[in-house]
Amino acid sequence: MTVVEIRNKIVELLWTYLDRPVVLSGQAQPEPDLPFATYSVITPYAPIAEMGDYSTEQTVEGGQVEYRREMPTMTLSFTFCSANRRDPSGVEISGADEAEALAEKAIGYFLHVGYDDISSLGVTIVEVGQAQDRTTLDIDEAARRVGFDVRIRYTRTDTKEIPAANPNIIVKGDST
């Protein structure tokens, strides 16, 4: 899987689990209804200073395909957003509590609940960072935000085709 495919699948899984939108951070589109989460990719490719595993495979045409596999990390950042408000029935909602609760639920997903879902993608959770206050001022009211980073390890595969040698070409060496 590519970095984009992995990112999209993790976002989709988290969105389904939380039953709340998880959207790309910094979009110009209107924000979804509260509460919601945003994500960004902090580091799409962080190599671990290895040459990788090399292997080759024969093709039907007599050539080869060379594979190079490595296991870099990627860091995703998630922020859970809410605001103090009243729900339609008039009940006061604490934005700070709601954002914190959503962040805690997402942390649980990455640490335990979603382990099999994420593992089935060929991805391993390396680290779930600490939850931090990311509250910002939104005109005259605080937009309550809590966020954390997740570092994952995935398999990156590069391929190179090596054509078959042409047996009709005769290479003459220097006979001196």
# chains A, B, ... in the order shown; residues from 1 in each chain; ligands from 1
$ residues_around --residues "region 13-29 of chain A" --least-positions-apart "6" --cutoff "7 Å" --atoms "only C-alpha atoms" --output "list in words"
Phe36, Ala37, Thr38, Tyr39 and Ser40 of chain A
$ residues_around --residues "Phe78 (chain A)" --least-positions-apart "2" --cutoff "12 Å" --atoms "only C-alpha atoms" --output "number ranges by chain"
A: 7, 10-11, 14-15, 21-25, 36-42, 75-76, 80-81, 99, 102-104, 106-107, 110, 128-134, 145-151
$ select_by_dssp --residues "chain A" --states "helix (DSSP H, G or I)" --output "count of residues only"
40
$ residues_around --residues "Thr2 (chain A)" --least-positions-apart "4" --cutoff "9 Å" --atoms "only C-alpha atoms" --output "list of chain:residue names"
A:Ile6, A:Arg7, A:Thr155, A:Arg156, A:Thr157
$ write_last_selection --atoms "all heavy atoms" --output "short mmCIF file (atom, residue, chain, number, x, y, z; two decimals), in the first residue's frame"
data_model
loop_
_atom_site.label_atom_id
_atom_site.label_comp_id
_atom_site.auth_asym_id
_atom_site.auth_seq_id
_atom_site.Cartn_x
_atom_site.Cartn_y
_atom_site.Cartn_z
N ILE A 6 -2.67 4.07 2.88
CA ILE A 6 -2.63 3.77 4.32
C ILE A 6 -3.32 4.88 5.10
O ILE A 6 -4.16 4.62 5.96
CB ILE A 6 -1.17 3.57 4.79
CG1 ILE A 6 -0.58 2.30 4.19
CG2 ILE A 6 -1.10 3.52 6.31
CD1 ILE A 6 0.92 2.19 4.36
N ARG A 7 -2.95 6.12 4.81
CA ARG A 7 -3.57 7.26 5.49
C ARG A 7 -5.08 7.24 5.34
O ARG A 7 -5.82 7.35 6.32
CB ARG A 7 -3.00 8.56 4.93
CG ARG A 7 -3.63 9.80 5.54
CD ARG A 7 -3.56 10.99 4.62
NE ARG A 7 -4.38 10.77 3.43
CZ ARG A 7 -4.25 11.44 2.31
NH1 ARG A 7 -3.31 12.35 2.17
NH2 ARG A 7 -5.04 11.21 1.27
N THR A 155 5.26 -1.22 5.36
CA THR A 155 6.22 -1.76 4.41
C THR A 155 6.14 -0.96 3.13
O THR A 155 5.07 -0.83 2.53
CB THR A 155 5.93 -3.24 4.11
OG1 THR A 155 5.98 -3.97 5.33
CG2 THR A 155 6.94 -3.81 3.13
N ARG A 156 7.28 -0.43 2.73
CA ARG A 156 7.39 0.29 1.46
C ARG A 156 8.09 -0.64 0.48
O ARG A 156 9.13 -1.22 0.81
CB ARG A 156 8.22 1.56 1.65
CG ARG A 156 8.47 2.30 0.36
CD ARG A 156 9.51 3.39 0.53
NE ARG A 156 9.95 3.86 -0.75
CZ ARG A 156 9.51 4.97 -1.33
NH1 ARG A 156 8.64 5.72 -0.71
NH2 ARG A 156 9.96 5.32 -2.51
N THR A 157 7.54 -0.79 -0.71
CA THR A 157 8.12 -1.67 -1.72
C THR A 157 8.38 -0.87 -2.99
O THR A 157 7.48 -0.21 -3.50
CB THR A 157 7.17 -2.84 -2.04
OG1 THR A 157 6.88 -3.54 -0.83
CG2 THR A 157 7.80 -3.79 -3.05
#
$ residues_around --residues "Met74 (chain A)" --least-positions-apart "6" --cutoff "8 Å" --atoms "only C-alpha atoms" --output "PDB file with C-alpha atoms, in the first residue's frame"
ATOM      1  CA  VAL A  41       0.419  13.767   7.983  1.00  0.00           C
ATOM      2  CA  ILE A  42       3.415  15.119   9.863  1.00  0.00           C
ATOM      3  CA  THR A  43       5.985  12.733   8.390  1.00  0.00           C
ATOM      4  CA  PRO A  44       4.961  10.505   5.467  1.00  0.00           C
ATOM      5  CA  TYR A  45       8.324   8.735   5.181  1.00  0.00           C
ATOM      6  CA  ALA A  46      10.927   8.419   7.916  1.00  0.00           C
ATOM      7  CA  ARG A 151       3.612   6.879  14.674  1.00  0.00           C
ATOM      8  CA  ILE A 152       3.106   3.812  12.510  1.00  0.00           C
ATOM      9  CA  ARG A 153       5.425   1.413  10.673  1.00  0.00           C
ATOM     10  CA  TYR A 154       4.542   0.158   7.222  1.00  0.00           C
TER      11      TYR A 154
END
